[in-house]
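Data first, discussion second: the structure below is written as structure tokens.
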Amino acid sequence: QRAKTRLQEEDEFDFWFGDGGDEDGDKRASASGPDSPTARARAAAARHDAMVRAAAGVDLRDVAESGAVRVHGRDFIGRRVVSVDAVSLEQWLKNAGRDRSEAERRVLFHVARVVAPAAADPKGCALVYFHGGGEKAEAPSVDFTRRLVDAALGNGSLEENLKVFYVVHPTAWLQAGMLWGSLTGALSSGVFWKATFVHRLADLCGFISDEAMETPAHAREYDESLSRKA
């Protein structure tokens, strides 16, 4: 009777919190099933490999020279530092002389080919996203930023290697958008919960020195303007 009661309670839990749509009644995903973490990791790695193959032979020097997405030195505990300068990236996308979708595709190719190997560092990586720089500064869409972070993390296969995600000078809209994205699944909750919102550069310097990473000039100028207003 106790075993029957336990099974009924498990079925009730599955009805309310499980997928509720499995006709054979097996609500427990197999460790080797298509939806298992192992299978998802393999699928993510396959998508990343396909992107790297597609980028092979493509001249991406113009993307690298823009300096919008860069691999730097290491932070205070030896993790590889990768930065994304959203303002410079948006300016490059606008002035690349290409169709917007093609320009974005080239950026993702560069990230998959250059940034993802750095993110695979055994000690992990720290991602720094310089979002703003003033009211007039423009940044890429949240959707493209999400795809860029995804490409940097090997289409999700390197997500565990991301140790911290610094979002510098975030706006209220960006913070709300990231929260909403994590709730809807548009942004990996694993990435969201590693995010640290940094409102002043002085707070970042304690973790990543100036020698380890070059800070964009416009980000410094904006930070100084905040000091004058304080």
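Every chain in the structure tokens has a letter given in the order shown (A, B, ...), and although residue numbers restart at 1 in each chain, ligands are simply numbered from 1 in the order shown.
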
Per-residue nearest contacts region 66-122 of chain A to region 140-147 of chain A, cut-off 8 Å, using only C-alpha atoms, as a Markdown table:
| residue | atom | partner | partner_atom | distance |
| --- | --- | --- | --- | --- |
| A:Ala86 | CA | A:Pro140 | CA | 6.5 |
| A:Val87 | CA | A:Pro140 | CA | 7.7 |
| A:Leu89 | CA | A:Pro140 | CA | 7.3 |
| A:Glu90 | CA | A:Pro140 | CA | 5.3 |
| A:Glu104 | CA | A:Phe144 | CA | 7.8 |
| A:Leu108 | CA | A:Arg147 | CA | 7.8 |

Selection: 7 Å around region 45-54 of chain A, only C-alpha atoms, excl. self and same-chain fewer than 6 positions, as a PDB file with C-alpha atoms, in the first residue's frame:
ATOM      1  CA  PHE A 109      32.263  33.110 -37.749  1.00  0.00           C
ATOM      2  CA  ALA A 112      33.495  30.671 -33.370  1.00  0.00           C
ATOM      3  CA  ARG A 113      36.949  30.459 -34.941  1.00  0.00           C
ATOM      4  CA  GLY A 154      30.830  26.775 -28.672  1.00  0.00           C
ATOM      5  CA  ASN A 155      27.074  26.920 -29.310  1.00  0.00           C
ATOM      6  CA  SER A 157      29.097  23.136 -25.553  1.00  0.00           C
TER       7      SER A 157
END

**Prompt:** Ser227 (chain A): which residues within 12 Å, counting only C-alpha atoms, same-chain residues fewer than 3 positions away excluded, as number ranges by chain?
**Reply:** A: 199-202, 220-224, 230

**Message:** Can you measure CA of Cys205 (chain A) to CA of Leu162 (chain A) for me? One decimal in Å is fine.
**Reply:**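 Separation between CA of Cys205 (chain A) and CA of Leu162 (chain A): 19.0 Å.
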
**Message:** Using only C-alpha atoms, which protein or nucleic acid residues come within 7 Å of Leu187 (chain A)? Drop anything in the same chain fewer than 5 positions from it, and give the result as a PyMOL selection string.
**Reply:** chain A and resi 146+178+181-182

Residues from last step as file, N, CA and C atoms, as a PDB file, in the first residue's frame:
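The new file out.pdb reads:
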ATOM      1  N   ARG A 146      22.839  37.614 -27.870  1.00  0.00           N
ATOM      2  CA  ARG A 146      22.645  36.247 -27.360  1.00  0.00           C
ATOM      3  C   ARG A 146      23.326  35.240 -28.275  1.00  0.00           C
ATOM      4  N   MET A 178      17.625  40.684 -20.073  1.00  0.00           N
ATOM      5  CA  MET A 178      18.359  39.460 -19.738  1.00  0.00           C
ATOM      6  C   MET A 178      17.555  38.585 -18.778  1.00  0.00           C
ATOM      7  N   GLY A 181      14.802  37.050 -20.770  1.00  0.00           N
ATOM      8  CA  GLY A 181      15.349  36.019 -21.640  1.00  0.00           C
ATOM      9  C   GLY A 181      15.637  34.734 -20.893  1.00  0.00           C
ATOM     10  N   SER A 182      16.130  34.865 -19.648  1.00  0.00           N
ATOM     11  CA  SER A 182      16.417  33.660 -18.861  1.00  0.00           C
ATOM     12  C   SER A 182      15.141  32.940 -18.469  1.00  0.00           C
TER      13      SER A 182
END

**Message:** Using DSSP secondary structure from the backbone, list all alpha helix (DSSP H) positions within region 79-122 of chain A, as a list in words.
**Reply:** Ala86, Val87, Ser88, Leu89, Glu90, Gln91, Trp92, Leu93, Lys94, Asn95, Arg100, Ser101, Glu102, Ala103, Glu104, Arg105, Arg106, Val107, Leu108, Phe109, His110, Ala116, Pro117, Ala118 and Ala119 of chain A

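Of note, CA of Leu60 (chain A) and CA of His110 (chain A) are spaced 6.4 Å apart.
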
**Asked** Within 9 Å of Gly78 (chain A), counting only C-alpha atoms, which residues qualify if same-chain residues fewer than 6 places away don't, as a ChimeraX atom specification?
**Response** /A:123-125

**Message:** So the first atom is CA of Pro170 (chain A) and the second is CA of Phe197 (chain A); what is the distance between them in Å, to one decimal place?
**Reply:**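 Between CA of Pro170 (chain A) and CA of Phe197 (chain A) the gap is 6.7 Å.
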
**Item:** From A:Ala176, A:Val107, A:Arg98, A:Arg80, residue lying nearest Glu65 (chain A) [only C-alpha atoms]
**Value:** A:Val107

**Asked** Tell me, which residues of region 3-222 of chain A carry DSSP strand (DSSP E), written as a list of chain:residue names?
**Response** A:Val69, A:Arg70, A:Val71, A:His72, A:Gly73, A:Arg74, A:Arg80, A:Val81, A:Val82, A:Ser83, A:Val84, A:Asp85, A:Cys125, A:Ala126, A:Leu127, A:Val128, A:Tyr129, A:Phe130, A:Leu162, A:Lys163, A:Val164, A:Phe165, A:Tyr166, A:Val167, A:Val168, A:Ala195, A:Thr196, A:Phe197, A:Val198

Restricting it to N, CA and C atoms, dump the selection as a compact mmCIF listing (two decimals), in the first residue's frame.
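Final output, again-v2.txt:
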# COMPACT_ATOMS: atom_id res chain seq x y z
N VAL A 69 35.43 42.42 -30.79
CA VAL A 69 35.44 41.16 -30.02
C VAL A 69 36.89 40.72 -29.93
N ARG A 70 37.41 40.65 -28.72
CA ARG A 70 38.85 40.40 -28.56
C ARG A 70 39.13 39.38 -27.46
N VAL A 71 40.25 38.69 -27.65
CA VAL A 71 40.77 37.80 -26.62
C VAL A 71 41.96 38.50 -25.98
N HIS A 72 41.96 38.59 -24.64
CA HIS A 72 42.99 39.32 -23.92
C HIS A 72 43.85 38.35 -23.10
N GLY A 73 44.41 38.87 -22.00
CA GLY A 73 45.23 38.06 -21.11
C GLY A 73 44.36 37.27 -20.14
N ARG A 74 44.76 37.27 -18.88
CA ARG A 74 44.05 36.48 -17.87
C ARG A 74 43.68 37.34 -16.68
N ARG A 80 41.03 33.00 -18.85
CA ARG A 80 41.18 33.75 -20.08
C ARG A 80 40.08 34.82 -20.16
N VAL A 81 40.46 36.03 -20.56
CA VAL A 81 39.52 37.14 -20.64
C VAL A 81 39.13 37.41 -22.09
N VAL A 82 37.83 37.49 -22.34
CA VAL A 82 37.29 37.81 -23.67
C VAL A 82 36.39 39.03 -23.51
N SER A 83 36.54 40.01 -24.39
CA SER A 83 35.70 41.21 -24.28
C SER A 83 34.89 41.43 -25.55
N VAL A 84 33.71 42.01 -25.35
CA VAL A 84 32.84 42.42 -26.45
C VAL A 84 32.52 43.89 -26.23
N ASP A 85 32.91 44.73 -27.20
CA ASP A 85 32.62 46.16 -27.15
C ASP A 85 31.38 46.39 -28.01
N CYS A 125 36.93 30.80 -18.66
CA CYS A 125 37.05 32.15 -19.22
C CYS A 125 36.14 33.13 -18.49
N ALA A 126 36.51 34.40 -18.59
CA ALA A 126 35.71 35.50 -18.06
C ALA A 126 35.30 36.36 -19.24
N LEU A 127 34.02 36.56 -19.42
CA LEU A 127 33.50 37.35 -20.54
C LEU A 127 33.12 38.74 -20.04
N VAL A 128 33.65 39.77 -20.69
CA VAL A 128 33.35 41.15 -20.33
C VAL A 128 32.58 41.79 -21.48
N TYR A 129 31.39 42.25 -21.18
CA TYR A 129 30.53 42.86 -22.20
C TYR A 129 30.36 44.34 -21.88
N PHE A 130 31.01 45.20 -22.69
CA PHE A 130 30.87 46.65 -22.53
C PHE A 130 29.61 47.07 -23.29
N LEU A 162 32.42 29.02 -18.92
CA LEU A 162 32.19 30.43 -18.58
C LEU A 162 32.08 30.53 -17.06
N LYS A 163 33.04 31.19 -16.44
CA LYS A 163 33.06 31.29 -14.98
C LYS A 163 32.37 32.54 -14.47
N VAL A 164 32.48 33.63 -15.23
CA VAL A 164 31.84 34.88 -14.84
C VAL A 164 31.57 35.71 -16.08
N PHE A 165 30.47 36.47 -16.06
CA PHE A 165 30.03 37.27 -17.19
C PHE A 165 29.82 38.69 -16.67
N TYR A 166 30.82 39.57 -16.92
CA TYR A 166 30.73 40.95 -16.46
C TYR A 166 29.99 41.79 -17.51
N VAL A 167 28.91 42.44 -17.10
CA VAL A 167 28.16 43.32 -17.99
C VAL A 167 28.41 44.74 -17.50
N VAL A 168 29.21 45.49 -18.27
CA VAL A 168 29.67 46.82 -17.85
C VAL A 168 28.74 47.91 -18.37
N ALA A 195 26.12 36.24 -14.56
CA ALA A 195 26.27 37.66 -14.89
C ALA A 195 26.46 38.50 -13.64
N THR A 196 27.41 39.43 -13.72
CA THR A 196 27.64 40.43 -12.67
C THR A 196 27.54 41.79 -13.33
N PHE A 197 26.60 42.60 -12.89
CA PHE A 197 26.41 43.92 -13.49
C PHE A 197 27.37 44.92 -12.84
N VAL A 198 28.22 45.51 -13.68
CA VAL A 198 29.27 46.42 -13.21
C VAL A 198 28.92 47.83 -13.67

**Request:** Identify, on the basis of only C-alpha atoms, every residue whose closest approach to Phe207 (chain A) does not exceed 9 Å; exclude the query and any residue fewer than 6 positions from it along the same chain; express the result as a ChimeraX atom specification.
**Result:** /A:75-77

**Request:** Select, from A:Arg106, A:Glu214, A:Ala152, A:Ala172, the residue with the minimum atom-to-atom distance to Gly57 (chain A), counting only C-alpha atoms.
**Result:**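 Between A:Arg106, A:Glu214, A:Ala152, A:Ala172, the residue approaching Gly57 (chain A) most closely is A:Arg106.
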
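Proximity of A:Val114, A:Ala44, A:Pro216, A:Asp99 to Ala64 (chain A), computed with only C-alpha atoms, is greatest for A:Val114.
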